[in-house]
Amino acid sequence: MNRRVAAVGLAAVLALGACAAPRNTLGTRSSACFRSLPTARSAVHHEGHLLGVRRVSRGTALRAFPQADLPPGRDFCVVGFSGQYKAEHVDHPAGAAEGRNAVVIVTMRGTTAVATFFVARLPLRLRH
């Protein structure tokens, strides 16, 4: 009887422990985009303050930035920064020549910055 109780207790402890196993994500749809932060920060030459990050579909990115020349792909990461930006001081400038906020569009792999847009107001809700 004692072995049976011990076995049930051990099984319960193992089952509860599996629920709290460590994870590499935050459990949100945008979690994969956090690996794009170094690429985005490099695109703005490490200037400004991070406003947030968001995973968006190609359609959403094109609605927010109609002039974007996006490569084929289903989703992209959008990373926003606040500061004072000029086209000559960022990688892949697109749109306005300067602005208070920079929005960097990065591929889902997080390794390539596609475009950097300057906006007075963010067209998308970003989180961090």
# chains A, B, ... in the order shown; residues from 1 in each chain; ligands from 1
call {"tool": "residues_around", "arguments": {"residues": "Gly52 of chain A", "least_positions_apart": "2", "cutoff": "9 Å", "atoms": "only C-alpha atoms", "output": "NGL selection string"}}
result
:A and (50 or 54 or 78-81 or 125-128)
call {"tool": "closest_atom_pairs", "arguments": {"of": "segment 36-74 of chain A", "to": "segment 89-98 of chain A", "cutoff": "10 Å", "atoms": "only C-alpha atoms", "output": "CSV"}}
result
residue,atom,partner,partner_atom,distance
A:Ala40,CA,A:Asp91,CA,9.3
A:Arg41,CA,A:Val90,CA,9.8
A:Ser42,CA,A:Asp91,CA,8.1
A:Ala43,CA,A:Asp91,CA,4.8
A:Val44,CA,A:Val90,CA,4.7
A:His45,CA,A:Val90,CA,6.2
A:His46,CA,A:Val90,CA,9.4
A:Glu47,CA,A:Val90,CA,9.2
A:Phe65,CA,A:Gly95,CA,8.7
A:Pro66,CA,A:Gly95,CA,9.8
A:Gln67,CA,A:Gly95,CA,7.2
A:Ala68,CA,A:Ala94,CA,7.4
A:Asp69,CA,A:Ala94,CA,9.1
call {"tool": "write_last_selection", "arguments": {"atoms": "C-alpha atoms", "output": "mmCIF file, in the first residue's frame"}}
result
data_model
loop_
_atom_site.group_PDB
_atom_site.id
_atom_site.type_symbol
_atom_site.label_atom_id
_atom_site.label_comp_id
_atom_site.auth_asym_id
_atom_site.auth_seq_id
_atom_site.Cartn_x
_atom_site.Cartn_y
_atom_site.Cartn_z
ATOM 1 C CA ALA A 40 16.508 46.325 -35.530
ATOM 2 C CA ARG A 41 18.713 48.098 -32.993
ATOM 3 C CA SER A 42 21.639 47.804 -35.404
ATOM 4 C CA ALA A 43 19.484 49.298 -38.214
ATOM 5 C CA VAL A 44 18.996 52.475 -36.147
ATOM 6 C CA HIS A 45 22.683 52.400 -35.137
ATOM 7 C CA HIS A 46 21.853 51.731 -31.480
ATOM 8 C CA GLU A 47 20.115 55.095 -31.092
ATOM 9 C CA PHE A 65 3.439 51.210 -44.802
ATOM 10 C CA PRO A 66 1.977 51.094 -48.329
ATOM 11 C CA GLN A 67 5.247 52.215 -49.897
ATOM 12 C CA ALA A 68 7.165 49.284 -48.356
ATOM 13 C CA ASP A 69 8.945 47.011 -50.796
#
call {"tool": "residues_around", "arguments": {"residues": "Gly110 of chain A", "least_positions_apart": "6", "cutoff": "12 Å", "atoms": "only C-alpha atoms", "output": "list in words"}}
result
Ser30, Ser31, Ala32, Cys33, Phe34, Arg35, Ser36, Leu37, Pro38, Thr39, Ala40, Arg41, Ser42, Ala43, Val53, Arg55, Asp75, Phe76, Cys77, Val78, Val79 and Val104 of chain A
call {"tool": "closest_residue", "arguments": {"among": "A:Val103, A:Leu124, A:Leu70, A:Ala113", "to": "Val56 of chain A", "atoms": "only C-alpha atoms"}}
result
A:Leu124
call {"tool": "atom_distance", "arguments": {"atom1": "atom CA of Met108 of chain A", "atom2": "atom CA of Tyr85 of chain A"}}
result
24.2 Å
call {"tool": "select_by_dssp", "arguments": {"residues": "segment 48-96 of chain A", "states": "strand (DSSP E or B)", "output": "MDAnalysis selection string"}}
result
chainID A and resid 49:57 75:86 93:94
call {"tool": "write_last_selection", "arguments": {"atoms": "N, CA and C atoms", "output": "PDB file, in the first residue's frame"}}
result
ATOM      1  N   HIS A  49      15.129  54.860 -27.987  1.00  0.00           N
ATOM      2  CA  HIS A  49      14.527  54.055 -26.918  1.00  0.00           C
ATOM      3  C   HIS A  49      13.531  53.078 -27.539  1.00  0.00           C
ATOM      4  N   LEU A  50      13.600  51.818 -27.144  1.00  0.00           N
ATOM      5  CA  LEU A  50      12.695  50.793 -27.669  1.00  0.00           C
ATOM      6  C   LEU A  50      11.259  51.088 -27.246  1.00  0.00           C
ATOM      7  N   LEU A  51      10.352  51.139 -28.234  1.00  0.00           N
ATOM      8  CA  LEU A  51       8.927  51.332 -27.956  1.00  0.00           C
ATOM      9  C   LEU A  51       8.189  50.007 -27.898  1.00  0.00           C
ATOM     10  N   GLY A  52       8.639  49.038 -28.678  1.00  0.00           N
ATOM     11  CA  GLY A  52       8.003  47.735 -28.657  1.00  0.00           C
ATOM     12  C   GLY A  52       8.229  46.966 -29.938  1.00  0.00           C
ATOM     13  N   VAL A  53       7.646  45.781 -29.958  1.00  0.00           N
ATOM     14  CA  VAL A  53       7.817  44.875 -31.086  1.00  0.00           C
ATOM     15  C   VAL A  53       6.492  44.169 -31.349  1.00  0.00           C
ATOM     16  N   ARG A  54       6.278  43.798 -32.597  1.00  0.00           N
ATOM     17  CA  ARG A  54       5.040  43.109 -32.944  1.00  0.00           C
ATOM     18  C   ARG A  54       5.240  42.285 -34.203  1.00  0.00           C
ATOM     19  N   ARG A  55       4.654  41.115 -34.205  1.00  0.00           N
ATOM     20  CA  ARG A  55       4.632  40.271 -35.399  1.00  0.00           C
ATOM     21  C   ARG A  55       3.396  40.648 -36.197  1.00  0.00           C
ATOM     22  N   VAL A  56       3.590  40.898 -37.487  1.00  0.00           N
ATOM     23  CA  VAL A  56       2.468  41.289 -38.342  1.00  0.00           C
ATOM     24  C   VAL A  56       2.488  40.487 -39.631  1.00  0.00           C
ATOM     25  N   SER A  57       1.326  40.346 -40.226  1.00  0.00           N
ATOM     26  CA  SER A  57       1.237  39.696 -41.527  1.00  0.00           C
ATOM     27  C   SER A  57       1.754  40.646 -42.597  1.00  0.00           C
ATOM     28  N   ASP A  75       4.919  36.604 -42.722  1.00  0.00           N
ATOM     29  CA  ASP A  75       4.904  37.490 -41.558  1.00  0.00           C
ATOM     30  C   ASP A  75       6.235  38.228 -41.449  1.00  0.00           C
ATOM     31  N   PHE A  76       6.165  39.364 -40.750  1.00  0.00           N
ATOM     32  CA  PHE A  76       7.349  40.177 -40.493  1.00  0.00           C
ATOM     33  C   PHE A  76       7.297  40.653 -39.053  1.00  0.00           C
ATOM     34  N   CYS A  77       8.427  41.117 -38.556  1.00  0.00           N
ATOM     35  CA  CYS A  77       8.497  41.726 -37.238  1.00  0.00           C
ATOM     36  C   CYS A  77       8.637  43.231 -37.423  1.00  0.00           C
ATOM     37  N   VAL A  78       7.870  43.981 -36.654  1.00  0.00           N
ATOM     38  CA  VAL A  78       7.932  45.439 -36.681  1.00  0.00           C
ATOM     39  C   VAL A  78       8.444  45.878 -35.314  1.00  0.00           C
ATOM     40  N   VAL A  79       9.538  46.654 -35.324  1.00  0.00           N
ATOM     41  CA  VAL A  79      10.164  47.098 -34.080  1.00  0.00           C
ATOM     42  C   VAL A  79      10.199  48.622 -34.093  1.00  0.00           C
ATOM     43  N   GLY A  80       9.687  49.247 -33.035  1.00  0.00           N
ATOM     44  CA  GLY A  80       9.620  50.702 -32.966  1.00  0.00           C
ATOM     45  C   GLY A  80      10.603  51.286 -31.962  1.00  0.00           C
ATOM     46  N   PHE A  81      11.159  52.436 -32.323  1.00  0.00           N
ATOM     47  CA  PHE A  81      12.078  53.175 -31.461  1.00  0.00           C
ATOM     48  C   PHE A  81      11.680  54.642 -31.445  1.00  0.00           C
ATOM     49  N   SER A  82      11.888  55.312 -30.319  1.00  0.00           N
ATOM     50  CA  SER A  82      11.670  56.762 -30.265  1.00  0.00           C
ATOM     51  C   SER A  82      13.020  57.450 -30.175  1.00  0.00           C
ATOM     52  N   GLY A  83      13.105  58.616 -30.781  1.00  0.00           N
ATOM     53  CA  GLY A  83      14.339  59.389 -30.804  1.00  0.00           C
ATOM     54  C   GLY A  83      14.240  60.407 -31.924  1.00  0.00           C
ATOM     55  N   GLN A  84      15.348  60.948 -32.344  1.00  0.00           N
ATOM     56  CA  GLN A  84      15.403  61.850 -33.495  1.00  0.00           C
ATOM     57  C   GLN A  84      16.218  61.147 -34.571  1.00  0.00           C
ATOM     58  N   TYR A  85      15.581  60.851 -35.679  1.00  0.00           N
ATOM     59  CA  TYR A  85      16.223  60.052 -36.718  1.00  0.00           C
ATOM     60  C   TYR A  85      16.286  60.802 -38.042  1.00  0.00           C
ATOM     61  N   LYS A  86      17.356  60.555 -38.784  1.00  0.00           N
ATOM     62  CA  LYS A  86      17.529  61.067 -40.136  1.00  0.00           C
ATOM     63  C   LYS A  86      17.918  59.900 -41.030  1.00  0.00           C
ATOM     64  N   PRO A  93      16.691  53.211 -45.115  1.00  0.00           N
ATOM     65  CA  PRO A  93      15.648  54.229 -44.923  1.00  0.00           C
ATOM     66  C   PRO A  93      14.604  54.170 -46.029  1.00  0.00           C
ATOM     67  N   ALA A  94      13.368  54.407 -45.659  1.00  0.00           N
ATOM     68  CA  ALA A  94      12.258  54.415 -46.622  1.00  0.00           C
ATOM     69  C   ALA A  94      11.262  55.474 -46.173  1.00  0.00           C
TER      70      ALA A  94
END
